[in-house]
>>> print(open('my_file_32.cif').read())   # mmCIF, C-alpha atoms (C1' of nucleotides)
data_target
#
loop_
_atom_site.label_atom_id
_atom_site.label_comp_id
_atom_site.auth_asym_id
_atom_site.auth_seq_id
_atom_site.Cartn_x
_atom_site.Cartn_y
_atom_site.Cartn_z
CA MET A 1 -20.93 13.35 0.28
CA GLU A 2 -17.16 13.03 0.21
CA LEU A 3 -16.77 9.48 1.38
CA ASN A 4 -13.22 8.27 1.60
CA ARG A 5 -12.22 4.65 1.55
CA THR A 6 -11.87 4.11 5.25
CA THR A 7 -15.56 4.95 5.38
CA TYR A 8 -16.52 1.65 3.87
CA VAL A 9 -14.60 -0.56 6.27
CA ILE A 10 -16.62 1.10 9.01
CA LEU A 11 -19.95 0.87 7.23
CA GLY A 12 -19.22 -2.73 6.29
CA MET A 13 -18.28 -3.73 9.82
CA LEU A 14 -21.38 -2.04 11.20
CA ARG A 15 -23.54 -3.92 8.75
CA LEU A 16 -22.35 -7.10 10.46
CA GLY A 17 -23.65 -5.72 13.74
CA ARG A 18 -23.72 -2.86 16.24
CA HIS A 19 -20.16 -2.01 17.34
CA THR A 20 -17.96 0.49 19.16
CA GLY A 21 -14.92 2.11 17.56
CA TYR A 22 -12.72 -0.10 19.67
CA GLU A 23 -14.47 -3.21 18.41
CA ILE A 24 -14.24 -2.09 14.79
CA LYS A 25 -10.49 -1.68 15.19
CA SER A 26 -10.23 -5.16 16.71
CA LEU A 27 -12.29 -6.66 13.90
CA VAL A 28 -10.14 -4.98 11.26
CA ASP A 29 -7.00 -6.26 12.97
CA VAL A 30 -8.06 -9.89 12.72
CA SER A 31 -9.65 -9.74 9.29
CA THR A 32 -9.21 -7.01 6.68
CA ARG A 33 -5.85 -5.86 8.03
CA PHE A 34 -3.98 -7.92 5.44
CA PHE A 35 -5.52 -6.06 2.53
CA TRP A 36 -7.01 -2.99 4.22
CA ALA A 37 -5.70 -1.61 7.50
CA ALA A 38 -7.19 1.11 9.69
CA SER A 39 -6.01 2.84 12.87
CA TYR A 40 -7.75 4.57 15.77
CA GLY A 41 -6.61 7.87 14.31
CA GLN A 42 -8.80 7.18 11.31
CA ILE A 43 -11.66 5.30 12.91
CA TYR A 44 -12.77 7.63 15.70
CA PRO A 45 -12.88 10.86 13.68
CA GLU A 46 -14.56 9.01 10.83
CA LEU A 47 -17.26 7.62 13.12
CA ALA A 48 -18.09 11.16 14.24
CA ARG A 49 -18.20 12.37 10.66
CA LEU A 50 -20.39 9.49 9.47
CA GLU A 51 -22.83 10.12 12.27
CA GLU A 52 -23.05 13.78 11.28
CA LEU A 53 -23.75 12.67 7.72
CA GLY A 54 -26.55 10.44 9.00
CA LEU A 55 -25.02 7.19 7.73
CA ILE A 56 -24.63 5.71 11.18
CA GLU A 57 -26.27 6.20 14.55
CA GLY A 58 -24.44 6.11 17.87
CA GLU A 59 -25.83 5.46 21.28
CA ASP A 60 -24.07 6.01 24.60
CA ASP A 61 -24.00 3.19 27.05
CA ALA A 62 -22.28 3.13 30.43
CA SER A 63 -24.39 0.39 32.01
CA ASP A 64 -21.34 -1.52 33.24
CA GLY A 65 -19.38 1.57 34.26
CA ARG A 66 -17.37 1.69 31.03
CA ARG A 67 -18.18 4.72 28.96
CA ARG A 68 -18.80 3.58 25.44
CA ARG A 69 -20.62 4.51 22.27
CA ALA A 70 -21.91 1.79 20.00
CA TYR A 71 -22.92 2.53 16.43
CA SER A 72 -25.31 0.98 13.98
CA LEU A 73 -26.09 1.55 10.30
CA THR A 74 -28.96 3.80 9.26
CA GLY A 75 -30.93 3.24 6.06
CA ALA A 76 -28.81 5.87 4.35
CA GLY A 77 -25.68 4.09 5.58
CA GLU A 78 -26.84 0.76 4.21
CA ALA A 79 -27.65 2.43 0.91
CA ALA A 80 -24.20 4.05 0.74
CA LEU A 81 -22.57 0.70 1.44
CA THR A 82 -24.54 -1.09 -1.26
CA GLU A 83 -23.88 1.73 -3.69
CA TRP A 84 -20.14 1.30 -3.12
CA LEU A 85 -20.29 -2.50 -3.30
CA THR A 86 -22.07 -2.49 -6.64
CA SER A 87 -20.38 0.49 -8.27
CA ASP A 88 -17.74 -0.11 -10.88
CA ASP A 89 -15.58 2.84 -10.07
CA PRO A 90 -11.90 2.06 -10.54
CA LEU A 91 -10.61 0.00 -7.66
CA HIS A 92 -7.90 1.33 -5.41
CA LEU A 93 -5.07 -1.18 -5.76
CA GLU A 94 -1.82 -0.51 -4.02
CA LEU A 95 1.13 -2.72 -3.33
CA ARG A 96 4.32 -1.78 -1.49
CA HIS A 97 6.68 -4.64 -1.33
CA GLU A 98 10.17 -3.92 -0.09
CA GLY A 99 11.28 -7.49 -0.77
CA VAL A 100 10.48 -7.26 -4.47
CA LEU A 101 12.10 -3.81 -4.56
CA LYS A 102 15.29 -5.33 -3.17
CA LEU A 103 15.09 -8.06 -5.75
CA PHE A 104 14.78 -5.43 -8.47
CA PHE A 105 18.16 -4.03 -7.50
CA SER A 106 19.84 -7.37 -6.74
CA ASP A 107 22.13 -7.29 -9.76
CA ALA A 108 24.38 -5.35 -7.39
CA LEU A 109 24.86 -8.45 -5.23
CA PRO A 110 27.01 -11.58 -5.57
CA PRO A 111 24.98 -14.71 -6.41
CA ARG A 112 25.14 -16.13 -2.89
CA GLU A 113 23.61 -12.96 -1.49
CA GLN A 114 20.96 -12.94 -4.19
CA LEU A 115 19.89 -16.39 -3.09
CA ALA A 116 19.98 -15.42 0.57
CA GLN A 117 17.72 -12.44 -0.13
CA LEU A 118 15.24 -14.66 -1.97
CA ARG A 119 15.15 -17.02 1.00
CA ARG A 120 14.42 -14.13 3.34
CA LEU A 121 11.59 -13.09 1.07
CA ARG A 122 10.20 -16.61 1.14
CA ALA A 123 10.55 -16.85 4.91
CA GLU A 124 8.53 -13.67 5.30
CA HIS A 125 5.69 -15.00 3.17
CA GLU A 126 5.81 -18.35 4.92
CA ARG A 127 5.46 -16.53 8.22
CA ILE A 128 2.39 -14.61 7.06
CA ALA A 129 0.87 -17.75 5.53
CA GLY A 130 1.31 -19.37 8.93
CA GLN A 131 -0.43 -16.47 10.66
CA LEU A 132 -3.36 -16.75 8.29
CA ARG A 133 -3.60 -20.51 8.69
CA ALA A 134 -3.63 -20.04 12.46
CA ILE A 135 -6.82 -17.98 12.31
CA GLU A 136 -8.41 -20.17 9.63
CA PRO A 137 -10.24 -22.66 11.95
CA GLU A 138 -11.90 -19.86 13.88
CA ALA A 139 -12.85 -18.06 10.70
CA ARG A 140 -14.36 -21.25 9.31
CA ALA A 141 -16.35 -21.76 12.49
CA GLY A 142 -17.56 -18.15 12.41
CA CYS A 143 -18.55 -18.63 8.79
CA GLU A 144 -20.72 -21.64 9.58
CA ARG A 145 -22.13 -20.14 12.77
CA ASP A 146 -23.19 -16.79 11.31
CA GLY A 147 -23.97 -17.71 7.72
CA VAL A 148 -21.49 -15.02 6.62
CA ARG A 149 -19.19 -16.55 4.08
CA PHE A 150 -17.26 -13.83 2.28
CA PRO A 151 -14.93 -12.94 5.13
CA TYR A 152 -13.85 -16.58 5.09
CA LEU A 153 -13.49 -16.46 1.32
CA THR A 154 -11.11 -13.52 1.56
CA LEU A 155 -9.07 -15.43 4.14
CA GLU A 156 -8.79 -18.28 1.64
CA TRP A 157 -7.67 -15.65 -0.86
CA GLY A 158 -5.02 -14.42 1.56
CA ILE A 159 -3.67 -17.91 2.13
CA ALA A 160 -3.62 -18.64 -1.61
CA TYR A 161 -1.81 -15.35 -2.20
CA GLU A 162 0.89 -16.07 0.38
CA ASP A 163 1.29 -19.59 -0.98
CA PHE A 164 1.73 -18.15 -4.45
CA GLN A 165 4.54 -15.94 -3.18
CA VAL A 166 6.22 -18.84 -1.43
CA GLU A 167 6.04 -21.03 -4.53
CA TRP A 168 7.34 -18.28 -6.77
CA CYS A 169 10.31 -17.81 -4.45
CA LYS A 170 11.03 -21.55 -4.42
CA ARG A 171 10.94 -21.76 -8.23
CA THR A 172 13.19 -18.74 -8.55
CA GLU A 173 15.59 -20.03 -5.90
CA ARG A 174 15.94 -23.26 -7.88
CA ARG A 175 16.60 -21.38 -11.11
CA LEU A 176 19.25 -19.23 -9.49
CA ALA A 177 20.87 -22.13 -7.67
CA GLU A 178 21.13 -24.13 -10.90
CA GLU A 179 22.79 -21.24 -12.67
CA ILE A 180 25.26 -20.74 -9.87
CA GLN A 181 26.05 -24.47 -10.04
CA THR A 182 26.54 -24.37 -13.81
CA ALA A 183 28.74 -21.30 -13.59
CA ALA A 184 30.87 -22.93 -10.90
CA GLU A 185 31.37 -26.05 -13.04
CA ARG A 186 32.37 -24.02 -16.05
CA GLY A 187 34.52 -21.60 -14.03
CA MET B 188 21.59 8.54 8.99
CA GLU B 189 17.80 8.44 8.89
CA LEU B 190 17.24 6.86 5.53
CA ASN B 191 13.65 6.32 4.58
CA ARG B 192 12.50 3.83 2.04
CA THR B 193 12.16 6.12 -0.92
CA THR B 194 15.89 6.64 -0.48
CA TYR B 195 16.67 3.22 -1.81
CA VAL B 196 14.68 3.50 -5.02
CA ILE B 197 16.81 6.52 -5.79
CA LEU B 198 20.12 4.94 -4.79
CA GLY B 199 19.20 1.80 -6.70
CA MET B 200 18.26 3.68 -9.86
CA LEU B 201 21.45 5.71 -9.67
CA ARG B 202 23.48 2.54 -9.37
CA LEU B 203 22.16 1.61 -12.82
CA GLY B 204 23.59 4.87 -14.15
CA ARG B 205 23.82 8.64 -13.84
CA HIS B 206 20.33 10.18 -13.91
CA THR B 207 18.28 13.33 -13.33
CA GLY B 208 15.30 13.44 -10.98
CA TYR B 209 13.01 13.52 -13.98
CA GLU B 210 14.62 10.38 -15.38
CA ILE B 211 14.37 8.58 -12.04
CA LYS B 212 10.66 9.31 -11.94
CA SER B 213 10.25 7.99 -15.50
CA LEU B 214 12.20 4.84 -14.67
CA VAL B 215 10.11 4.21 -11.58
CA ASP B 216 6.94 4.70 -13.61
CA VAL B 217 7.83 1.94 -16.07
CA SER B 218 9.36 -0.48 -13.61
CA THR B 219 9.03 -0.45 -9.83
CA ARG B 220 5.73 1.46 -9.87
CA PHE B 221 3.75 -1.75 -9.50
CA PHE B 222 5.32 -2.62 -6.17
CA TRP B 223 6.98 0.67 -5.17
CA ALA B 224 5.78 4.03 -6.43
CA ALA B 225 7.41 7.44 -6.03
CA SER B 226 6.36 10.98 -6.98
CA TYR B 227 8.22 14.19 -7.79
CA GLY B 228 7.23 15.48 -4.38
CA GLN B 229 9.34 12.76 -2.84
CA ILE B 230 12.13 12.47 -5.37
CA TYR B 231 13.38 16.04 -5.66
CA PRO B 232 13.63 16.84 -1.94
CA GLU B 233 15.17 13.42 -1.32
CA LEU B 234 17.83 13.99 -3.99
CA ALA B 235 18.84 17.21 -2.24
CA ARG B 236 18.95 15.49 1.11
CA LEU B 237 20.97 12.53 -0.18
CA GLU B 238 23.50 14.87 -1.72
CA GLU B 239 23.86 16.69 1.57
CA LEU B 240 24.45 13.32 3.24
CA GLY B 241 27.17 12.57 0.69
CA LEU B 242 25.47 9.47 -0.71
CA ILE B 243 25.07 10.92 -4.18
CA GLU B 244 26.76 13.62 -6.20
CA GLY B 245 24.99 16.01 -8.52
CA GLU B 246 26.39 17.96 -11.41
CA ASP B 247 24.71 20.78 -13.28
CA ASP B 248 24.53 20.63 -17.01
CA ALA B 249 22.86 23.08 -19.35
CA SER B 250 24.86 22.26 -22.46
CA ASP B 251 21.74 21.95 -24.61
CA GLY B 252 19.96 24.92 -23.04
CA ARG B 253 17.90 22.76 -20.70
CA ARG B 254 18.83 23.31 -17.09
CA ARG B 255 19.35 19.96 -15.48
CA ARG B 256 21.15 18.24 -12.65
CA ALA B 257 22.28 14.66 -13.05
CA TYR B 258 23.29 12.56 -10.07
CA SER B 259 25.57 9.62 -9.53
CA LEU B 260 26.31 7.34 -6.58
CA THR B 261 29.27 8.04 -4.30
CA GLY B 262 31.18 5.27 -2.53
CA ALA B 263 29.15 5.96 0.60
CA GLY B 264 25.97 5.74 -1.45
CA GLU B 265 26.95 2.39 -2.92
CA ALA B 266 27.78 1.13 0.57
CA ALA B 267 24.41 2.30 1.92
CA LEU B 268 22.63 0.56 -0.94
CA THR B 269 24.47 -2.73 -0.38
CA GLU B 270 23.90 -2.49 3.36
CA TRP B 271 20.16 -2.21 2.73
CA LEU B 272 20.14 -4.99 0.11
CA THR B 273 21.87 -7.46 2.40
CA SER B 274 20.28 -6.50 5.72
CA ASP B 275 17.59 -8.69 7.15
CA ASP B 276 15.56 -5.94 8.76
CA PRO B 277 11.84 -6.67 8.61
CA LEU B 278 10.50 -5.97 5.14
CA HIS B 279 7.90 -3.32 4.61
CA LEU B 280 4.95 -5.18 3.09
CA GLU B 281 1.76 -3.32 2.43
CA LEU B 282 -1.27 -4.25 0.42
CA ARG B 283 -4.38 -2.14 -0.13
CA HIS B 284 -6.87 -3.90 -2.28
CA GLU B 285 -10.29 -2.35 -2.55
CA GLY B 286 -11.57 -5.26 -4.63
CA VAL B 287 -10.85 -7.81 -1.90
CA LEU B 288 -12.32 -5.40 0.65
CA LYS B 289 -15.53 -5.31 -1.34
CA LEU B 290 -15.50 -9.08 -1.51
CA PHE B 291 -15.14 -9.22 2.25
CA PHE B 292 -18.45 -7.40 2.64
CA SER B 293 -20.25 -9.08 -0.24
CA ASP B 294 -22.59 -11.10 1.95
CA ALA B 295 -24.70 -7.94 1.74
CA LEU B 296 -25.27 -8.52 -1.98
CA PRO B 297 -27.56 -10.84 -3.97
CA PRO B 298 -25.68 -13.71 -5.67
CA ARG B 299 -25.84 -12.16 -9.12
CA GLU B 300 -24.14 -9.02 -7.84
CA GLN B 301 -21.55 -11.06 -6.01
CA LEU B 302 -20.62 -12.72 -9.27
CA ALA B 303 -20.58 -9.40 -11.10
CA GLN B 304 -18.21 -7.96 -8.52
CA LEU B 305 -15.87 -10.92 -8.88
CA ARG B 306 -15.83 -10.43 -12.64
CA ARG B 307 -14.93 -6.78 -12.19
CA LEU B 308 -12.09 -7.81 -9.93
CA ARG B 309 -10.87 -10.27 -12.52
CA ALA B 310 -11.15 -7.70 -15.31
CA GLU B 311 -9.00 -5.31 -13.33
CA HIS B 312 -6.25 -7.89 -12.86
CA GLU B 313 -6.48 -8.94 -16.50
CA ARG B 314 -6.01 -5.31 -17.46
CA ILE B 315 -2.87 -4.96 -15.34
CA ALA B 316 -1.52 -8.29 -16.56
CA GLY B 317 -1.98 -6.95 -20.08
CA GLN B 318 -0.07 -3.79 -19.24
CA LEU B 319 2.80 -5.80 -17.84
CA ARG B 320 2.88 -8.13 -20.84
CA ALA B 321 2.99 -5.09 -23.10
CA ILE B 322 6.27 -3.91 -21.59
CA GLU B 323 7.70 -7.43 -21.33
CA PRO B 324 9.46 -7.56 -24.74
CA GLU B 325 11.27 -4.30 -24.13
CA ALA B 326 12.26 -5.38 -20.64
CA ARG B 327 13.58 -8.66 -22.00
CA ALA B 328 15.62 -6.83 -24.62
CA GLY B 329 16.98 -4.45 -21.97
CA CYS B 330 17.88 -7.43 -19.83
CA GLU B 331 19.93 -9.04 -22.61
CA ARG B 332 21.44 -5.77 -23.77
CA ASP B 333 22.63 -4.53 -20.37
CA GLY B 334 23.32 -7.78 -18.53
CA VAL B 335 20.95 -6.61 -15.81
CA ARG B 336 18.53 -9.40 -15.09
CA PHE B 337 16.71 -8.72 -11.85
CA PRO B 338 14.45 -5.95 -13.14
CA TYR B 339 13.20 -8.45 -15.70
CA LEU B 340 12.80 -11.07 -13.00
CA THR B 341 10.54 -8.76 -11.00
CA LEU B 342 8.48 -8.13 -14.12
CA GLU B 343 8.04 -11.89 -14.42
CA TRP B 344 6.99 -11.82 -10.79
CA GLY B 345 4.43 -9.11 -11.53
CA ILE B 346 2.94 -11.07 -14.40
CA ALA B 347 2.80 -14.26 -12.33
CA TYR B 348 1.12 -12.32 -9.53
CA GLU B 349 -1.56 -10.84 -11.77
CA ASP B 350 -2.12 -14.25 -13.36
CA PHE B 351 -2.57 -15.73 -9.91
CA GLN B 352 -5.26 -13.16 -9.14
CA VAL B 353 -7.03 -13.84 -12.42
CA GLU B 354 -7.00 -17.60 -11.84
CA TRP B 355 -8.22 -17.24 -8.28
CA CYS B 356 -11.13 -15.12 -9.51
CA LYS B 357 -12.00 -17.66 -12.19
CA ARG B 358 -11.99 -20.53 -9.70
CA THR B 359 -14.12 -18.58 -7.28
CA GLU B 360 -16.52 -17.46 -10.00
CA ARG B 361 -17.05 -21.11 -10.94
CA ARG B 362 -17.69 -22.11 -7.33
CA LEU B 363 -20.22 -19.33 -6.87
CA ALA B 364 -21.93 -19.95 -10.18
CA GLU B 365 -22.34 -23.64 -9.38
CA GLU B 366 -23.88 -22.86 -6.04
CA ILE B 367 -26.29 -20.39 -7.56
CA GLN B 368 -27.23 -23.06 -10.11
CA THR B 369 -27.77 -25.68 -7.43
CA ALA B 370 -29.82 -23.31 -5.30
CA ALA B 371 -32.00 -22.43 -8.31
CA GLU B 372 -32.68 -26.12 -9.05
CA ARG B 373 -33.63 -26.81 -5.47
CA GLY B 374 -35.60 -23.58 -5.07
"C1'" DG C 375 2.72 28.96 -33.60
"C1'" DG C 376 1.43 25.24 -30.80
"C1'" DC C 377 1.81 20.83 -28.70
"C1'" DG C 378 4.45 17.35 -26.43
"C1'" DT C 379 8.38 16.36 -23.84
"C1'" DC C 380 12.30 17.49 -20.84
"C1'" DA C 381 13.22 19.43 -16.49
"C1'" DT C 382 12.97 21.43 -11.64
"C1'" DG C 383 10.70 22.54 -7.75
"C1'" DT C 384 7.14 23.48 -4.06
"C1'" DA C 385 2.66 24.42 -1.62
"C1'" DA C 386 -1.50 22.55 -0.42
"C1'" DT C 387 -3.68 18.73 0.75
"C1'" DA C 388 -4.68 14.17 2.07
"C1'" DC C 389 -3.69 9.99 4.22
"C1'" DG C 390 -2.12 7.18 7.94
"C1'" DT C 391 0.51 5.67 12.14
"C1'" DT C 392 2.30 6.17 16.67
"C1'" DA C 393 2.18 7.44 20.97
"C1'" DC C 394 0.20 9.21 24.59
"C1'" DA C 395 -3.49 10.80 28.06
"C1'" DT C 396 -7.29 9.16 30.62
"C1'" DG C 397 -9.94 6.08 33.25
"C1'" DA C 398 -12.80 2.10 34.17
"C1'" DT C 399 -13.25 -3.18 34.61
"C1'" DT C 400 -11.75 -7.93 34.83
"C1'" DA C 401 -8.69 -11.76 35.80
"C1'" DC C 402 -4.95 -13.52 38.35
"C1'" DG D 403 -2.68 -4.98 43.86
"C1'" DT D 404 -1.31 -5.14 39.41
"C1'" DA D 405 -1.45 -6.38 34.78
"C1'" DA D 406 -4.32 -6.90 30.87
"C1'" DT D 407 -8.20 -5.47 28.47
"C1'" DC D 408 -11.99 -2.30 27.29
"C1'" DA D 409 -12.78 2.20 25.68
"C1'" DT D 410 -12.27 7.03 23.73
"C1'" DG D 411 -9.83 10.51 21.77
"C1'" DT D 412 -6.15 13.53 19.77
"C1'" DA D 413 -1.55 15.74 18.79
"C1'" DA D 414 2.53 15.06 16.51
"C1'" DC D 415 4.68 13.14 13.07
"C1'" DG D 416 5.70 10.96 8.80
"C1'" DT D 417 4.48 9.76 4.18
"C1'" DA D 418 2.67 10.58 -0.43
"C1'" DT D 419 -0.12 12.72 -4.11
"C1'" DT D 420 -1.78 16.51 -6.80
"C1'" DA D 421 -1.47 20.46 -8.92
"C1'" DC D 422 0.66 24.17 -10.25
"C1'" DA D 423 4.46 27.55 -11.66
"C1'" DT D 424 8.25 28.07 -14.64
"C1'" DG D 425 10.80 27.67 -18.77
"C1'" DA D 426 13.45 25.59 -22.65
"C1'" DC D 427 13.72 22.39 -26.68
"C1'" DG D 428 12.03 19.64 -30.75
"C1'" DC D 429 8.74 18.47 -34.09
"C1'" DC D 430 4.92 19.34 -37.26
#
>>> encode(input="my_file_32.cif", output="structure tokens")
Amino acid sequence: MELNRTTYVILGMLRLGRHTGYEIKSLVDVSTRFFWAASYGQIYPELARLEELGLIEGEDDASDGRRRRAYSLTGAGEAALTEWLTSDDPLHLELRHEGVLKLFFSDALPPREQLAQLRRLRAEHERIAGQLRAIEPEARAGCERDGVRFPYLTLEWGIAYEDFQVEWCKRTERRLAEEIQTAAERG
Amino acid sequence: MELNRTTYVILGMLRLGRHTGYEIKSLVDVSTRFFWAASYGQIYPELARLEELGLIEGEDDASDGRRRRAYSLTGAGEAALTEWLTSDDPLHLELRHEGVLKLFFSDALPPREQLAQLRRLRAEHERIAGQLRAIEPEARAGCERDGVRFPYLTLEWGIAYEDFQVEWCKRTERRLAEEIQTAAERG
DNA sequence: GGCGTCATGTAATACGTTACATGATTAC
DNA sequence: GTAATCATGTAACGTATTACATGACGCC
């Protein structure tokens, strides 16, 4: 059936309710974006393909003058989603982290710059942690309102992850700063 | 000058010493791969381009019968690398984590399957942590031998990151298991 | 002689983002 | 009336992987 991985964001979002492509993109942007992004350029063609495969069903609606097509899961779509959720195929894990890459090559820098770079890295993770905390109250409310808990759980995961990064940076900053201090006293 | 981000892996690796494209790929595969991958399809064309830009210098060598071209950094290349290392342009941060995506949609599953999925996620991170710990002794030795410490530091980061994931999974598994238990006693 | 490694390179493919075109509605 | 939002769609571009072709060396 040649399902790619963007497929499942769409199927998963549609399982939570009938939605348009535009809505799916908005949902992704406030939820899975931090660990799984998707753009219009992927979503719209994929919706067409999934409908052709019979995994989703679209219905046109222009009742309020806005042309729109909302999709819902078919039985086959629900089955495909569950199949994916319960399969133990190897997970796609990918990390691209320019900050850590810079750190990798930081022997080229003088100690003060090394520290400065670490602080920038920390600031970045603090910023993201802040973003996540800002949406936390709404996510919690949504969780209690809809009886859907796992989206909230993954937000908790995101916050814990960013906090881990921040703490690691702080520890490493302290280590580096101490060494610079010691070197200065000896030198 | 239109430098993309694969550029800097190459410049950085060449700062550590004169290398062929093949060697750069091997180095990436045992070091930055976990937070910054690169393939032959990127490396070889980029080496040609960087030489044309005057950031690196290649020299042919077939002394042992094997045709090969080893590159080293030029002054301009070193400057470009330092410029990147010290700049505070926004960092490229990207995470694609199919396991967390599955978790996000796990309200669709019965509790037993939710737990099973979490265990799979943990197993995956335990596997990677194991891989990283396996290369740790060699990295530590290399660190002490060459006086280059930051590559080792990023390996420590990788291990800490994978350990964080494992611990988060364990905590969450316990929470879920308790709830299932409680529900069973009430039901 | 054959397998693994060293070594270069590219073509085909897949994946993903950005930017734009289009046009309606809603809120100020 | 105009800016923001809702809504669809795609073309161009950039990024990255896979797979293959090619060929030599070193070890068993």
>>> interface_residues(input="my_file_32.cif", of="chain C", to="chain A", cutoff="10 Å", atoms="only C-alpha atoms (C1' of nucleotides)", output="compact mmCIF listing (two decimals) with C-alpha atoms (C1' of nucleotides), in the coordinates of the input")
# COMPACT_ATOMS: atom_id res chain seq x y z
C1' DC C 389 -3.69 9.99 4.22
C1' DG C 390 -2.12 7.18 7.94
C1' DT C 391 0.51 5.67 12.14
C1' DT C 392 2.30 6.17 16.67
C1' DG C 397 -9.94 6.08 33.25
C1' DA C 398 -12.80 2.10 34.17
C1' DT C 399 -13.25 -3.18 34.61
>>> atom_distance(input="my_file_32.cif", atom1="atom CA of A:Tyr44", atom2="atom CA of A:Leu85")
22.8 Å
>>> interface_residues(input="my_file_32.cif", of="chain B", to="chain A", cutoff="7 Å", atoms="only C-alpha atoms", output="MDAnalysis selection string")
chainID B and resid 199 219 221:223 272:273 278:294 300 304 335:338 341
>>> closest_residue(input="my_file_32.cif", among="D:DG416, D:DT424, D:DC429, D:DC408", to="chain A", atoms="all atoms listed in the file")
D:DC408
>>> resolve_selection(input="my_file_32.cif", expression="the PyMOL selection byres ((chain D) within 10 of (chain B))", output="PyMOL selection string")
chain D and resi 417-420+425-427
>>> resolve_selection(input="my_file_32.cif", expression="the PyMOL selection byres ((chain B and resi 234-249) around 6)", output="list in words")
Tyr231, Pro232, Glu233, Ser250, Asp251, Gly252, Arg253, Arg254, Arg255, Arg256, Ala257, Tyr258, Ser259, Leu260, Thr261, Ala263 and Gly264 of chain B
>>> atom_distance(input="my_file_32.cif", atom1="atom CA of B:Arg373", atom2="atom CA of A:Pro137")
29.5 Å
>>> residues_near_point(input="my_file_32.cif", point="(2.0, 23.9, -8.1)", cutoff="10 Å", atoms="only C-alpha atoms (C1' of nucleotides)", output="PyMOL selection string")
(chain C and resi 383-386) or (chain D and resi 420-424)
>>> write_last_selection(input="my_file_32.cif", atoms="C-alpha atoms (C1' of nucleotides)", output="short mmCIF file (atom, residue, chain, number, x, y, z; two decimals), in the frame of the given file")
data_model
loop_
_atom_site.label_atom_id
_atom_site.label_comp_id
_atom_site.auth_asym_id
_atom_site.auth_seq_id
_atom_site.Cartn_x
_atom_site.Cartn_y
_atom_site.Cartn_z
"C1'" DG C 383 10.70 22.54 -7.75
"C1'" DT C 384 7.14 23.48 -4.06
"C1'" DA C 385 2.66 24.42 -1.62
"C1'" DA C 386 -1.50 22.55 -0.42
"C1'" DT D 420 -1.78 16.51 -6.80
"C1'" DA D 421 -1.47 20.46 -8.92
"C1'" DC D 422 0.66 24.17 -10.25
"C1'" DA D 423 4.46 27.55 -11.66
"C1'" DT D 424 8.25 28.07 -14.64
#
>>> resolve_selection(input="my_file_32.cif", expression="the PyMOL selection byres ((chain D and resi 406) around 12)", output="list in words")
DT399, DT400, DA401 and DC402 of chain C; DT404, DA405, DT407 and DC408 of chain D
>>> atom_distance(input="my_file_32.cif", atom1="atom C1' of D:DT412", atom2="atom CA of A:Ile43")
12.0 Å
>>> residues_around(input="my_file_32.cif", residues="C:DC394", least_positions_apart="3", cutoff="12 Å", atoms="all atoms listed in the file", output="MDAnalysis selection string")
chainID D and resid 411:414
>>> write_last_selection(input="my_file_32.cif", atoms="C-alpha atoms (C1' of nucleotides)", output="PDB file, in the coordinates of the input")
ATOM      1  C1'  DG D 411      -9.830  10.510  21.770  1.00  0.00           C
ATOM      2  C1'  DT D 412      -6.150  13.530  19.770  1.00  0.00           C
ATOM      3  C1'  DA D 413      -1.550  15.740  18.790  1.00  0.00           C
ATOM      4  C1'  DA D 414       2.530  15.060  16.510  1.00  0.00           C
TER       5       DA D 414
END
